[in-house]
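Working notes for the structure below.
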Amino acid sequence: MELPAPIEDQVDRSSNEEQPVQQPIEYLYITFSTDITSSRSLAGYTQSPQATAGEEATVSPSNGPSLSQFENPLCWTHRRKTFVTWLSCLSTFVTTYTPGAYAAGLPQYRSQWGISTTAVYGGITVFTVCFAVAPMFLASFSELVGRRPLFLAAGVVYVISQLGSGLSTSFAGLLVTRATAGISCSVFSTVVGGVISDIYAADDRNTAMAIFTGAALCGTGIGPMISGIITQHLKWQWIFHVQTITCGIVVVALFIFFPETRGSVLLSRKADALNKWYELSESTGSDDSTPSTVAETETQPRRRIRWIVKANEERATLGIMMKTSLLRPIKLLLIESVVFWFSLWMSFAWSILYLTFEAVPLIFTRVYGFSPQANGFCFIAVSIASILGTVAALIQERVSRRLSIFGQPEARLVFACGQSLLLPIGLFWLGTTARIEIPWIVPVLSICGLTLGIFSIYLAVFNYLADTYHSYASSAIAAQSFTRNIFAACLPLAVEPMLDSLGIVAY
């Protein structure tokens with residue numbers, strides 16, 4: 001009978017057996033085109049500590065994380081893109097309601113605090129300056145954290161700001177809340193353009209941009225109209241209470257329905273989800289959860305893969321990004337003649353829009369004896385023009401595609417060359433017809449005409465800069481956005497002195 005081997009021999013033999021060697025981790029670049037379909041396919045790769053550009057692989061962890069939420073936004077369904085576009089434009093509409101709404105309460109601000117009309121206009125100036133400067137810094141955060149977190153944070157700050165404005169007991173306090181409102185509102189004006197770029201290719205972007213432009217201008221018309229009705233029957237605080245309620249509803253809708261749209265952020269989250277699953281599977285000894293070579297055998301070790309995103313490696317630090325986002329637009333504005341002249345064109349047009357917030361109540365109250373509510377209804381012309389401009393832009397796009405006009409950035413300017421003439425025509429129209437012997441509807445229609453001109457300029461400049469500067473488009477657009485809002489902040493301060501010099505006495 002054979003006796004069992006001594007325990008010492010058993011230990012010695014087991015120690016001589018080969019232990020499995022853990023392979024080093026391979027880092028491979030992942031893109032949206034990386035095919036995540038088979039856990040047994042990883043052909044064409046050599047082991048290296050870092051990935052090389054263009055590398056792709058096919059892996060699929062068994063019972064792994066759901067990757068449908070990380071789909072490329074450019075590949076979303078038409079229905080989903082449309083929904084995200086309209087939700088984004090709704091947020092733009094609600095926030096562009098703000099600057100014009102403030103102006104309707106001017107008589108009540110002045111009587112309550114005993115300040116001049118010019119001082120009251122400072123509320124618009126403070127709002128617009130903050131609106132101009134904030135995107136120069138906030139754009140970097142959207143690249144790091146994505147669109148959704150910035151949207152939600154800005155929405156919450158906006159609601160708090162409007163609530164604070166309604167509860168203000170001093171004009172200084174109102175100015176502070178106007179500043180924070182301007183910072184938060186700027187997100188919905190500038191980042192929405194980025195959202196549209198995230199989900200639409202350049203050739204398909206015009207329709208979404210037309211809707212965005214229409215929403216922005218329509219909001220500026222609805223704001224003074226609704227607020228004119230409010231100040232006719234209620235105290236000025238309700239101007240801000242109504243905005244608190246409406247924006248609160250929109251923020252809740254964004255929280256529930258608005259998805260992340262920035263591709264690099266989604267890709268990073270996809271890589272993180274896969275990497276965490278691989279780590280968990282390796283720690284539990286799962287055999288079918290991490291990538292392996294096609295020709296896997298009992299003696300060939302499995303490869304350990306981790307995904308990385310190329311954009312993350314190329315991205316600078318937050319400090320450098322903020323410095324770049326601040327200095328590059330200024331540099332483009334100073335050395336690029338296209339950016340300079342287009343920004344100047346847009347600045348003039350946008351200043352005229354803000355001038356109407358102050359000039360229309362002054363003109364129609366003095367000439368026609370309008371009440372605040374009637375003055376508010378004059379701004380329906382701005383909203384109607386915005387809708388007409390959006391429809392015209394959609395028709396123009398169809399005509400352009402049929403005639404094959406699109407293809408060069410200059411094609412964006414074809415229709416604007418004619419439609420923008422409505423701006424000077426509308427200004428002369430308003431200046432020559434705002435007289436007591438001429439029916440009030442005639443100068444109101446002039447507001448509709450000049451708004452159509454502003455609409456065409458806004459849309460053409462935005463699309464042209466985006467098509468011309470490509471990777472630097474955000475900086476070029478930021479330059480014109482900064483310039484136009486600074487102009488719009490300053491011009492309203494001169495409205496009352498200008499109209500007094502022309503023979504119209506304020507209120």
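By convention in this document, the chains of the structure tokens carry letters A, B, ... by their order, each chain's residues are numbered from 1, and ligands are numbered from 1 in the order they are shown.
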Practice task
Using only C-alpha atoms, determine which residues lie at most 7 Å from A:Phe357, disregarding the query and same-chain residues fewer than 2 positions distant; provide the list as a ChimeraX atom specification.
Solution key: /A:100,103,354-355,359-360
Handout entry: Spatial neighbours of A:Asn275, 9 Å, only C-alpha atoms, chain gap at least 5 places, as a ChimeraX atom specification
Key = /A:270,280,305-307
Quick one: residues within 7 Å of stretch 483-493 of chain A, only C-alpha atoms, excluding same-chain residues fewer than 5 positions away - as a PDB file with C-alpha atoms, in the first residue's frame?
ATOM      1  CA  THR A 118     -30.673 107.032 -16.460  1.00  0.00           C
ATOM      2  CA  TYR A 121     -31.334 102.037 -17.045  1.00  0.00           C
ATOM      3  CA  ILE A 124     -30.064  96.856 -18.047  1.00  0.00           C
ATOM      4  CA  THR A 125     -26.414  97.890 -18.355  1.00  0.00           C
ATOM      5  CA  THR A 128     -25.847  93.086 -20.225  1.00  0.00           C
ATOM      6  CA  VAL A 129     -22.214  93.617 -19.175  1.00  0.00           C
ATOM      7  CA  ALA A 132     -21.175  89.715 -22.184  1.00  0.00           C
ATOM      8  CA  SER A 343     -18.856  91.897 -34.774  1.00  0.00           C
ATOM      9  CA  MET A 346     -23.871  92.624 -35.230  1.00  0.00           C
ATOM     10  CA  SER A 347     -23.167  95.059 -32.387  1.00  0.00           C
ATOM     11  CA  TRP A 350     -28.145  94.316 -31.337  1.00  0.00           C
ATOM     12  CA  SER A 351     -27.825  97.802 -29.860  1.00  0.00           C
ATOM     13  CA  TYR A 354     -31.971  97.075 -26.859  1.00  0.00           C
ATOM     14  CA  LEU A 355     -32.611 100.705 -27.713  1.00  0.00           C
ATOM     15  CA  GLU A 358     -36.335 102.173 -23.842  1.00  0.00           C
TER      16      GLU A 358
END
Fill in the blank from the handout: The residue from A:Gly431, A:Gly221, A:Gly146, A:Pro439 with the smallest atom-to-atom distance to A:Phe377, counting only C-alpha atoms, is A:Gly221
Practice task
Return the single residue from A:Trp238, A:Tyr102, A:Phe70, A:Phe131 that is closest to A:Leu174, with distances computed using only C-alpha atoms.
Solution key: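 For A:Leu174, the nearest of the given residues is A:Tyr102.
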Exercise for the section: Might you pull out every residue within 7 Å of stretch 80-95 of chain A, with only C-alpha atoms counted and same-chain residues fewer than 2 positions away left off, and present them as a list of chain:residue names? Expected result: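 Here the qualifying residues turn out to be A:Trp76, A:Thr77, A:His78, A:Tyr97, A:Thr98, A:Cys185, A:Phe188, A:Ser189, A:Val192, A:Ile196, A:Ile199, A:Ala208, A:Phe212, A:Ala215, A:Ala216, A:Cys218, A:Gly219, A:Cys247, A:Val250, A:Phe258.
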Exercise for the section: Report the distance between atom CA of A:Pro424 and atom CA of A:Leu332 in Å, rounded to one decimal place. Expected result: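 Between atom CA of A:Pro424 and atom CA of A:Leu332 the gap works out to 28.0 Å.
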Exercise for the section: Counting only C-alpha atoms, figure out which residue out of A:Ile330, A:Ile256, A:Ala374, A:Val145 gets nearest to A:Ile230. Expected result: A:Ala374
